[in-house]
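> work.cif is the file, holding mmCIF, C-alpha atoms and all ligand atoms:
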```cif
data_run
loop_
_atom_site.label_atom_id
_atom_site.label_comp_id
_atom_site.auth_asym_id
_atom_site.auth_seq_id
_atom_site.Cartn_x
_atom_site.Cartn_y
_atom_site.Cartn_z
CA MET G 4 14.80 9.08 1.29
CA SER G 5 15.42 12.24 3.34
CA GLU G 6 16.16 11.98 7.08
CA ASP G 7 12.77 13.55 7.79
CA PHE G 8 11.10 10.23 6.97
CA PHE G 9 11.37 6.66 8.13
CA ILE G 10 9.59 3.38 7.48
CA ARG G 11 8.49 1.27 10.45
CA SER G 12 6.00 -1.44 11.30
CA PHE G 13 2.38 -0.52 11.94
CA LYS G 14 1.23 -0.22 15.60
CA SER G 15 -2.43 -0.44 16.63
CA SER G 16 -2.24 3.15 17.92
CA ASP G 17 -1.60 4.27 14.30
CA PHE G 18 -4.99 3.07 13.13
CA ASN G 19 -6.91 6.37 13.31
CA GLN G 20 -4.21 8.18 11.35
CA VAL G 21 -4.04 5.30 8.89
CA MET G 22 -7.81 5.41 8.32
CA ASN G 23 -7.65 9.19 7.73
CA LEU G 24 -4.89 8.66 5.19
CA TRP G 25 -6.93 5.95 3.44
CA MET G 26 -9.96 8.24 3.25
CA GLU G 27 -7.83 11.08 1.90
CA THR G 28 -6.22 8.92 -0.79
CA GLY G 29 -9.42 7.15 -1.86
CA LEU G 30 -8.33 3.81 -0.38
CA GLY G 31 -10.76 3.80 2.53
CA ASN G 32 -14.17 2.75 1.26
CA PRO G 33 -16.11 1.51 4.37
CA GLU G 34 -17.69 -1.23 2.20
CA ARG G 35 -14.28 -2.89 2.08
CA GLY G 36 -14.59 -3.71 5.79
CA ASP G 37 -11.01 -2.91 6.73
CA ASP G 38 -10.74 -2.27 10.44
CA LEU G 39 -8.12 -2.84 13.12
CA VAL G 40 -9.38 -6.37 13.84
CA VAL G 41 -8.88 -7.31 10.19
CA VAL G 42 -5.41 -5.72 10.03
CA GLU G 43 -4.27 -7.56 13.14
CA ARG G 44 -5.66 -10.87 11.90
CA THR G 45 -3.69 -10.57 8.66
CA LEU G 46 -0.50 -9.89 10.61
CA LYS G 47 -1.00 -13.07 12.63
CA LEU G 48 -1.43 -14.96 9.33
CA GLY G 49 2.00 -13.91 8.06
CA GLY G 50 1.21 -10.53 6.51
CA ALA G 51 3.06 -7.28 7.05
CA PHE G 52 2.13 -3.63 7.37
CA TRP G 53 4.51 -0.71 7.07
CA VAL G 54 3.87 2.92 7.71
CA LEU G 55 5.96 5.81 6.53
CA GLU G 56 6.35 8.38 9.29
CA HIS G 57 7.22 12.07 8.94
CA LYS G 58 9.64 12.57 11.85
CA PRO G 59 9.14 16.29 12.50
CA THR G 60 5.35 15.94 12.91
CA HIS G 61 5.08 12.24 13.89
CA GLN G 62 2.43 11.91 11.16
CA VAL G 63 1.76 8.68 9.32
CA ILE G 64 2.07 9.77 5.70
CA GLY G 65 2.22 6.44 3.88
CA THR G 66 0.93 2.88 4.21
CA SER G 67 1.71 -0.46 2.64
CA TRP G 68 -0.22 -3.56 3.74
CA ILE G 69 0.62 -7.06 2.58
CA THR G 70 -1.63 -10.02 3.34
CA ASN G 71 -0.57 -13.64 3.06
CA ASP G 72 -2.97 -16.48 2.30
CA GLY G 73 -0.19 -19.06 2.39
CA ARG G 74 -0.17 -19.30 -1.42
CA ARG G 75 0.34 -15.71 -2.51
CA LEU G 76 0.92 -12.30 -1.03
CA TYR G 77 -1.41 -9.39 -1.84
CA LEU G 78 -0.45 -5.74 -1.70
CA HIS G 79 -3.25 -3.52 -0.41
CA HIS G 80 -3.80 0.09 0.57
CA PHE G 81 -0.54 1.36 -0.83
CA GLY G 82 -0.69 5.14 -0.60
CA ILE G 83 1.09 8.36 0.24
CA LYS G 84 -0.61 11.40 1.81
CA PRO G 85 -1.29 13.86 -1.04
CA GLU G 86 0.96 16.68 0.18
CA PHE G 87 3.91 14.25 0.33
CA GLN G 88 3.39 12.66 -3.09
CA GLY G 89 5.93 13.12 -5.86
CA MET G 90 8.94 12.95 -3.50
CA HIS G 91 9.91 9.34 -4.34
CA LEU G 92 8.60 8.18 -0.99
CA ALA G 93 6.34 5.61 -2.66
CA THR G 94 9.37 4.09 -4.34
CA SER G 95 11.11 3.63 -0.96
CA LEU G 96 8.00 2.20 0.69
CA LEU G 97 7.49 -0.23 -2.18
CA GLU G 98 11.13 -1.34 -2.02
CA THR G 99 10.76 -2.21 1.67
CA SER G 100 7.53 -4.10 0.94
CA LEU G 101 9.05 -6.08 -1.92
CA ALA G 102 12.14 -6.98 0.12
CA PHE G 103 9.76 -8.64 2.61
CA ALA G 104 7.87 -10.33 -0.24
CA LYS G 105 11.07 -11.71 -1.71
CA GLU G 106 12.10 -13.18 1.64
CA THR G 107 8.83 -15.13 1.89
CA GLY G 108 9.45 -16.68 -1.54
CA LEU G 109 5.75 -16.16 -2.43
CA GLN G 110 4.43 -14.43 -5.54
CA ILE G 111 2.78 -11.07 -4.94
CA LYS G 112 -0.37 -9.68 -6.60
CA LEU G 113 -2.26 -6.43 -6.50
CA GLU G 114 -5.29 -4.74 -8.04
CA VAL G 115 -5.06 -1.28 -9.50
CA HIS G 116 -7.62 0.77 -11.39
CA GLN G 117 -6.69 0.96 -15.06
CA GLN G 118 -6.86 4.75 -14.97
CA ASN G 119 -4.46 5.04 -12.03
CA LYS G 120 -1.49 5.83 -14.25
CA LYS G 121 0.84 6.93 -11.44
CA ALA G 122 0.39 3.70 -9.52
CA ILE G 123 0.62 1.54 -12.66
CA GLU G 124 3.89 3.17 -13.66
CA LEU G 125 5.26 2.74 -10.14
CA TYR G 126 4.29 -0.95 -9.98
CA GLN G 127 5.59 -1.74 -13.47
CA LYS G 128 8.93 -0.13 -12.69
CA ALA G 129 9.12 -2.32 -9.60
CA GLY G 130 8.64 -5.47 -11.73
CA PHE G 131 4.87 -6.16 -11.59
CA ILE G 132 3.42 -7.36 -14.89
CA ASN G 133 -0.17 -6.92 -16.01
CA LEU G 134 -2.02 -10.24 -16.21
CA GLY G 135 -4.33 -8.91 -18.90
CA ASP G 136 -8.06 -8.99 -19.37
CA TYR G 137 -9.14 -10.45 -16.06
CA GLY G 138 -12.13 -8.98 -14.20
CA VAL G 139 -12.18 -8.64 -10.41
CA PHE G 140 -15.19 -10.23 -8.64
CA ILE G 141 -16.26 -10.11 -5.02
CA ILE G 142 -19.22 -11.05 -2.78
CA ARG G 143 -19.68 -8.18 -0.31
CA ASN G 144 -22.66 -9.64 1.54
CA TYR G 145 -23.80 -13.25 1.82
CA GLN G 146 -27.62 -13.10 1.72
C1 LIG G 201 0.45 5.93 -6.39
C2 LIG G 201 1.16 6.76 -5.31
C3 LIG G 201 1.43 5.85 -4.10
C4 LIG G 201 2.48 7.27 -5.87
O1 LIG G 201 3.08 8.04 -4.83
P1 LIG G 201 4.13 9.19 -5.14
O2 LIG G 201 4.62 9.71 -3.84
O3 LIG G 201 3.54 10.15 -6.08
O4 LIG G 201 5.24 8.36 -5.92
P2 LIG G 201 6.79 8.67 -6.01
O5 LIG G 201 7.10 10.13 -5.89
O6 LIG G 201 7.54 7.74 -5.11
O7 LIG G 201 7.04 8.25 -7.53
C5 LIG G 201 7.18 6.90 -7.82
C6 LIG G 201 6.83 6.66 -9.26
O8 LIG G 201 5.42 6.76 -9.45
C7 LIG G 201 5.20 7.16 -10.79
N1 LIG G 201 4.59 8.49 -10.79
C8 LIG G 201 4.54 9.41 -9.81
N2 LIG G 201 3.91 10.52 -10.21
C9 LIG G 201 3.56 10.28 -11.50
C10 LIG G 201 2.85 11.02 -12.48
N3 LIG G 201 2.40 12.27 -12.24
N4 LIG G 201 2.65 10.46 -13.69
C11 LIG G 201 3.09 9.20 -13.98
N5 LIG G 201 3.77 8.46 -13.07
C12 LIG G 201 3.99 8.98 -11.87
C13 LIG G 201 6.53 7.25 -11.45
O9 LIG G 201 6.87 5.99 -11.96
C14 LIG G 201 7.41 7.60 -10.27
O10 LIG G 201 8.77 7.34 -10.47
P3 LIG G 201 9.71 8.46 -11.21
O11 LIG G 201 9.47 9.77 -10.54
O12 LIG G 201 11.08 7.94 -11.01
O13 LIG G 201 9.25 8.46 -12.63
C15 LIG G 201 0.31 7.98 -4.91
O14 LIG G 201 -0.05 8.68 -6.07
C16 LIG G 201 -0.94 7.68 -4.09
O15 LIG G 201 -0.88 7.52 -2.88
N6 LIG G 201 -2.10 7.65 -4.78
C17 LIG G 201 -3.38 7.45 -4.10
C18 LIG G 201 -3.55 6.05 -3.60
C19 LIG G 201 -3.43 5.05 -4.72
O16 LIG G 201 -4.01 5.21 -5.79
N7 LIG G 201 -2.67 3.99 -4.45
C20 LIG G 201 -2.52 2.89 -5.37
C21 LIG G 201 -3.63 1.92 -5.12
S1 LIG G 201 -3.48 0.48 -6.15
#
```
Spit out the file's structure as structure tokens when you get a sec.

Amino acid sequence: MSEDFFIRSFKSSDFNQVMNLWMETGLGNPERGDDLVVVERTLKLGGAFWVLEHKPTHQVIGTSWITNDGRRLYLHHFGIKPEFQGMHLATSLLETSLAFAKETGLQIKLEVHQQNKKAIELYQKAGFINLGDYGVFIIRNYQ
């Protein structure tokens, strides 16, 4: 990774930039309910959140958020700002994330859209295997 970039832990003051990045990369659907309160709660529960910073402009240009439910880790909101994609920055950010995962000793899961070829290739190269024909289900609102 070039000296213009570094990976560091998320700070609450990053949140606006992070949300902009999520909106820009299609990761920030408001229905998902991801706000600063949720991020901070997951950190207290043993999760981790890294941002990739572009030194010359102090911009947050990448995010990687891992939550921990005590049984497994989940990788969420892994993304790189569009104008910085294709520079192998995702590979570096994923390496940092997986080094943390390995230290916890917990298995790590993620969800990725089947048409997101770039992300699938990246994850498979990093060692993730596809579990097959499982659907993903969620209750958004308890009525
Ligand atoms: C997925 C994403 C993080 C990849 O970021 P990136 O900066 O392009 O990735 P990198 O330059 O580090 O490349 C890493 C690997 O991704 C894969 N990749 C990148 N561009 C690719 C392309 N056009 N076609 C196929 N694979 C590609 C390759 O495996 C590549 O490694 P290689 O260059 O050695 O072959 C980025 O496209 C992104 O932020 N997308 C929007 C958000 C998103 O969909 N996140 C995943 C949610 S599950």
> For a test of reading the model, state the distance in Å between atom CA of His80 of chain G and atom CA of Ser5 of chain G, rounded to one decimal.
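Between atom CA of His80 of chain G and atom CA of Ser5 of chain G the gap works out to 22.9 Å.
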> Please return as a short mmCIF file (atom, residue, chain, number, x, y, z; two decimals) with C-alpha atoms, keeping the file's coordinate frame the residues found within 10 Å of ligand LIG 201 (chain G), counting all atoms listed in the file.

```cif
data_model
loop_
_atom_site.label_atom_id
_atom_site.label_comp_id
_atom_site.auth_asym_id
_atom_site.auth_seq_id
_atom_site.Cartn_x
_atom_site.Cartn_y
_atom_site.Cartn_z
CA MET G 4 14.80 9.08 1.29
CA LEU G 24 -4.89 8.66 5.19
CA TRP G 25 -6.93 5.95 3.44
CA MET G 26 -9.96 8.24 3.25
CA GLU G 27 -7.83 11.08 1.90
CA THR G 28 -6.22 8.92 -0.79
CA GLY G 29 -9.42 7.15 -1.86
CA LEU G 30 -8.33 3.81 -0.38
CA GLY G 31 -10.76 3.80 2.53
CA ILE G 64 2.07 9.77 5.70
CA GLY G 65 2.22 6.44 3.88
CA THR G 66 0.93 2.88 4.21
CA SER G 67 1.71 -0.46 2.64
CA LEU G 78 -0.45 -5.74 -1.70
CA HIS G 79 -3.25 -3.52 -0.41
CA HIS G 80 -3.80 0.09 0.57
CA PHE G 81 -0.54 1.36 -0.83
CA GLY G 82 -0.69 5.14 -0.60
CA ILE G 83 1.09 8.36 0.24
CA LYS G 84 -0.61 11.40 1.81
CA PRO G 85 -1.29 13.86 -1.04
CA GLU G 86 0.96 16.68 0.18
CA PHE G 87 3.91 14.25 0.33
CA GLN G 88 3.39 12.66 -3.09
CA GLY G 89 5.93 13.12 -5.86
CA MET G 90 8.94 12.95 -3.50
CA HIS G 91 9.91 9.34 -4.34
CA LEU G 92 8.60 8.18 -0.99
CA ALA G 93 6.34 5.61 -2.66
CA THR G 94 9.37 4.09 -4.34
CA SER G 95 11.11 3.63 -0.96
CA LEU G 96 8.00 2.20 0.69
CA LEU G 97 7.49 -0.23 -2.18
CA LEU G 113 -2.26 -6.43 -6.50
CA GLU G 114 -5.29 -4.74 -8.04
CA VAL G 115 -5.06 -1.28 -9.50
CA HIS G 116 -7.62 0.77 -11.39
CA GLN G 117 -6.69 0.96 -15.06
CA GLN G 118 -6.86 4.75 -14.97
CA ASN G 119 -4.46 5.04 -12.03
CA LYS G 120 -1.49 5.83 -14.25
CA LYS G 121 0.84 6.93 -11.44
CA ALA G 122 0.39 3.70 -9.52
CA ILE G 123 0.62 1.54 -12.66
CA GLU G 124 3.89 3.17 -13.66
CA LEU G 125 5.26 2.74 -10.14
CA TYR G 126 4.29 -0.95 -9.98
CA GLN G 127 5.59 -1.74 -13.47
CA LYS G 128 8.93 -0.13 -12.69
CA ALA G 129 9.12 -2.32 -9.60
#
```
> What does the structure give for the distance between atom CA of Asn71 of chain G and atom CA of Gly50 of chain G, in Å to one decimal?
5.0 Å
> Would you pick out the contacts of Leu109 of chain G at 7 Å or less, using only C-alpha atoms, so that residues sharing its chain but fewer than 2 positions from it are not included, and give the list as a list in words?
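Surrounding residues, per the criterion: Arg74, Arg75, Leu76, Ala104, Lys105, Thr107 and Ile111 of chain G.
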> Please determine, counting only C-alpha atoms, which residue among G:Asp37, G:Trp53, G:Arg44, G:Val63 has the shortest atom-to-atom distance to Val21 of chain G.
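For Val21 of chain G, the nearest of the candidates is G:Val63.
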> Return the single residue from G:Lys14, G:Lys47, G:Arg143, G:His57 that is closest to Thr70 of chain G, with distances computed using only C-alpha atoms.
G:Lys47
> Would you compute the distance between atom CA of Arg11 of chain G and atom CA of Val54 of chain G? Give it in Å to one decimal.
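Going from atom CA of Arg11 of chain G over to atom CA of Val54 of chain G, I get 5.6 Å.
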> Using only C-alpha atoms, which of the listed residues (G:Ser12, G:Asn32, G:Ser100, G:Asn23) sits closest to Leu46 of chain G?
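Ranking G:Ser12, G:Asn32, G:Ser100, G:Asn23 by distance to Leu46 of chain G, first place goes to G:Ser12.
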> Please enclose the listed atoms of segment 28-31 of chain G in an axis-aligned box, pad each side by 8 Å, and write out the centre and the three edge lengths in Å, rounded to one decimal, as JSON.

```
{"center_x": -8.5, "center_y": 6.4, "center_z": 0.3, "size_x": 20.5, "size_y": 21.1, "size_z": 20.4}
```
